[in-house]
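Q: One structure follows; several queries about it will come next.
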Amino acid sequence: MADLIIPRQILDDIIAHANELTPYECCGLLAGTNGVASHLYRIKNIVAMEGAQNLSSFDSAKVAHLERLSPTERAEIAFVMDMQDFSTAKKDMRNQGLDLQVVYHSHPHDPARPSITDIKIATDYEEIWPKINLPLPAYLLVSLMTPEPDVRTYWIKSGRVTPADVLIR
Ligand SMILES: [Zn+2]
């Protein structure tokens, strides 16, 4: 049995979100019941926003700067979830009786595997999930570095990354 079932429509929504925010990383959450994802919550990436209010105020100089960075430098630019969006999503999950299942984010220029920074942040969060009454989520990465987006899902536990068994249907 798969760890998680993700409907094709939700996967397409994640890829659309990634394409909208590139060259910045998008991030969000998936939630559902009985191991089937049914809800997607887009969360603002405050690293991508850099104080800006919305996507329309991304300035081209900053975008050009991101394009100039080496893959290693870019990989270190992580995502940081906006806490307001996060608590709104958390409240909605509780009201609808949904379980948090996945934290997703995009890698516009890098492969669909967690960066060193991603692993570090996921490891820091491992202690936080139980404190806020949420289960340990799987981490879904979408890479836009190839013409066909590459999507992979992992568990990150105690600094170790292992592939999650996900069925797309
Ligand atoms: Zn990452």
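The way I read the labels, and the way they are meant: chains A, B, ... in the order of the structure tokens, residue 1 as the first residue of every chain, and ligand 1 as the first ligand shown, with later ones counted on from there.
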Quick one: residues within 6 Å of ligand 1, with only C-alpha atoms and all ligand atoms, as a ChimeraX atom specification?

A: /A:78,107,114-115,118

Q: Hey, can you spit out that residue selection with N, CA and C atoms as a PDB file, in the first residue's frame?

A:
ATOM      1  N   ALA A  78      16.315  28.919   0.374  1.00  0.00           N
ATOM      2  CA  ALA A  78      15.238  27.993   0.736  1.00  0.00           C
ATOM      3  C   ALA A  78      13.901  28.703   0.646  1.00  0.00           C
ATOM      4  N   HIS A 107      11.814  23.615  -7.065  1.00  0.00           N
ATOM      5  CA  HIS A 107      13.210  23.936  -7.362  1.00  0.00           C
ATOM      6  C   HIS A 107      13.259  24.377  -8.823  1.00  0.00           C
ATOM      7  N   PRO A 114      15.869  17.109  -1.923  1.00  0.00           N
ATOM      8  CA  PRO A 114      16.042  18.151  -0.902  1.00  0.00           C
ATOM      9  C   PRO A 114      17.474  18.698  -0.889  1.00  0.00           C
ATOM     10  N   SER A 115      17.603  20.017  -0.825  1.00  0.00           N
ATOM     11  CA  SER A 115      18.920  20.641  -0.688  1.00  0.00           C
ATOM     12  C   SER A 115      19.387  20.441   0.757  1.00  0.00           C
ATOM     13  N   ASP A 118      17.169  22.421   2.828  1.00  0.00           N
ATOM     14  CA  ASP A 118      15.856  21.769   3.006  1.00  0.00           C
ATOM     15  C   ASP A 118      15.926  20.713   4.111  1.00  0.00           C
TER      16      ASP A 118
END

Q: For Leu40 in chain A, list every protein, DNA or RNA residue within 12 Å, evaluated using only C-alpha atoms, and leave out those in the same chain fewer than 5 positions away; present the list as a count of residues only.

A: 28

Q: Find the residue from A:Val166, A:Val47, A:Met81, A:Ile121 that sits nearest to Ala138 in chain A; use only C-alpha atoms when measuring.

A: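 The closest residue to Ala138 in chain A is A:Val166.
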
Q: Where does DSSP see strand (DSSP E or B) in range 87-139 of chain A, if you list the residues as a list in words?

A: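 After running DSSP on the backbone, range 87-139 of chain A has strand (DSSP E or B) at Asp99, Leu100, Gln101, Val102, Val103, Tyr104, His105, Ser106, His107, Ala138 and Tyr139 of chain A.
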
Q: Let me see the file: selected residues, C-alpha atoms, as a PDB file, in the first residue's frame.

A:
ATOM      1  CA  ASP A  99      -4.656  15.492   8.198  1.00  0.00           C
ATOM      2  CA  LEU A 100      -1.585  17.396   7.080  1.00  0.00           C
ATOM      3  CA  GLN A 101       0.177  15.063   4.617  1.00  0.00           C
ATOM      4  CA  VAL A 102       2.705  16.954   2.524  1.00  0.00           C
ATOM      5  CA  VAL A 103       4.832  20.091   2.514  1.00  0.00           C
ATOM      6  CA  TYR A 104       5.657  20.883  -1.113  1.00  0.00           C
ATOM      7  CA  HIS A 105       8.024  23.338  -2.737  1.00  0.00           C
ATOM      8  CA  SER A 106       9.635  23.907  -6.105  1.00  0.00           C
ATOM      9  CA  HIS A 107      13.210  23.936  -7.362  1.00  0.00           C
ATOM     10  CA  ALA A 138       6.213  14.018   3.560  1.00  0.00           C
ATOM     11  CA  TYR A 139       8.199  16.522   1.475  1.00  0.00           C
TER      12      TYR A 139
END

Q: Find the residues near Cys26 in chain A: any atom within 8 Å, counting only C-alpha atoms, skip ones fewer than 4 places away on the same chain, and give them as JSON, numbers by chain.

A: {"A": [17, 18, 21, 22, 43, 44, 45, 48, 79, 105, 106]}

Q: Take the residues that were just selected and, keeping N, CA and C atoms, output them as a compact mmCIF listing (two decimals), in the first residue's frame.

A:
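Writing the result to again.txt gives the following:
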# COMPACT_ATOMS: atom_id res chain seq x y z
N HIS A 17 1.47 26.08 -9.76
CA HIS A 17 1.96 27.01 -8.74
C HIS A 17 3.46 27.24 -8.93
N ALA A 18 4.21 26.16 -9.16
CA ALA A 18 5.66 26.26 -9.37
C ALA A 18 5.95 27.13 -10.60
N LEU A 21 5.48 30.95 -10.00
CA LEU A 21 6.44 31.66 -9.14
C LEU A 21 7.88 31.62 -9.64
N THR A 22 8.19 30.73 -10.59
CA THR A 22 9.55 30.63 -11.05
C THR A 22 10.05 31.99 -11.53
N ILE A 43 0.93 28.45 0.17
CA ILE A 43 1.47 29.25 1.26
C ILE A 43 2.47 30.23 0.66
N LYS A 44 2.39 31.48 1.07
CA LYS A 44 3.36 32.45 0.57
C LYS A 44 4.76 32.06 1.02
N ASN A 45 5.72 32.17 0.12
CA ASN A 45 7.12 31.96 0.45
C ASN A 45 7.71 33.32 0.77
N ALA A 48 10.79 34.32 -1.12
CA ALA A 48 10.53 34.77 -2.50
C ALA A 48 9.96 36.17 -2.51
N PHE A 79 12.92 28.05 1.16
CA PHE A 79 11.61 28.67 1.25
C PHE A 79 11.29 28.79 2.73
N HIS A 105 7.41 22.12 -2.20
CA HIS A 105 8.02 23.34 -2.74
C HIS A 105 8.70 23.03 -4.05
N SER A 106 9.07 24.09 -4.77
CA SER A 106 9.64 23.91 -6.11
C SER A 106 11.11 24.22 -6.11

Q: Could you jot down the CA of Pro149 in chain A to CA of Ile46 in chain A separation for me, Å, one decimal place?

A: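 Going from CA of Pro149 in chain A over to CA of Ile46 in chain A, I get 23.3 Å.
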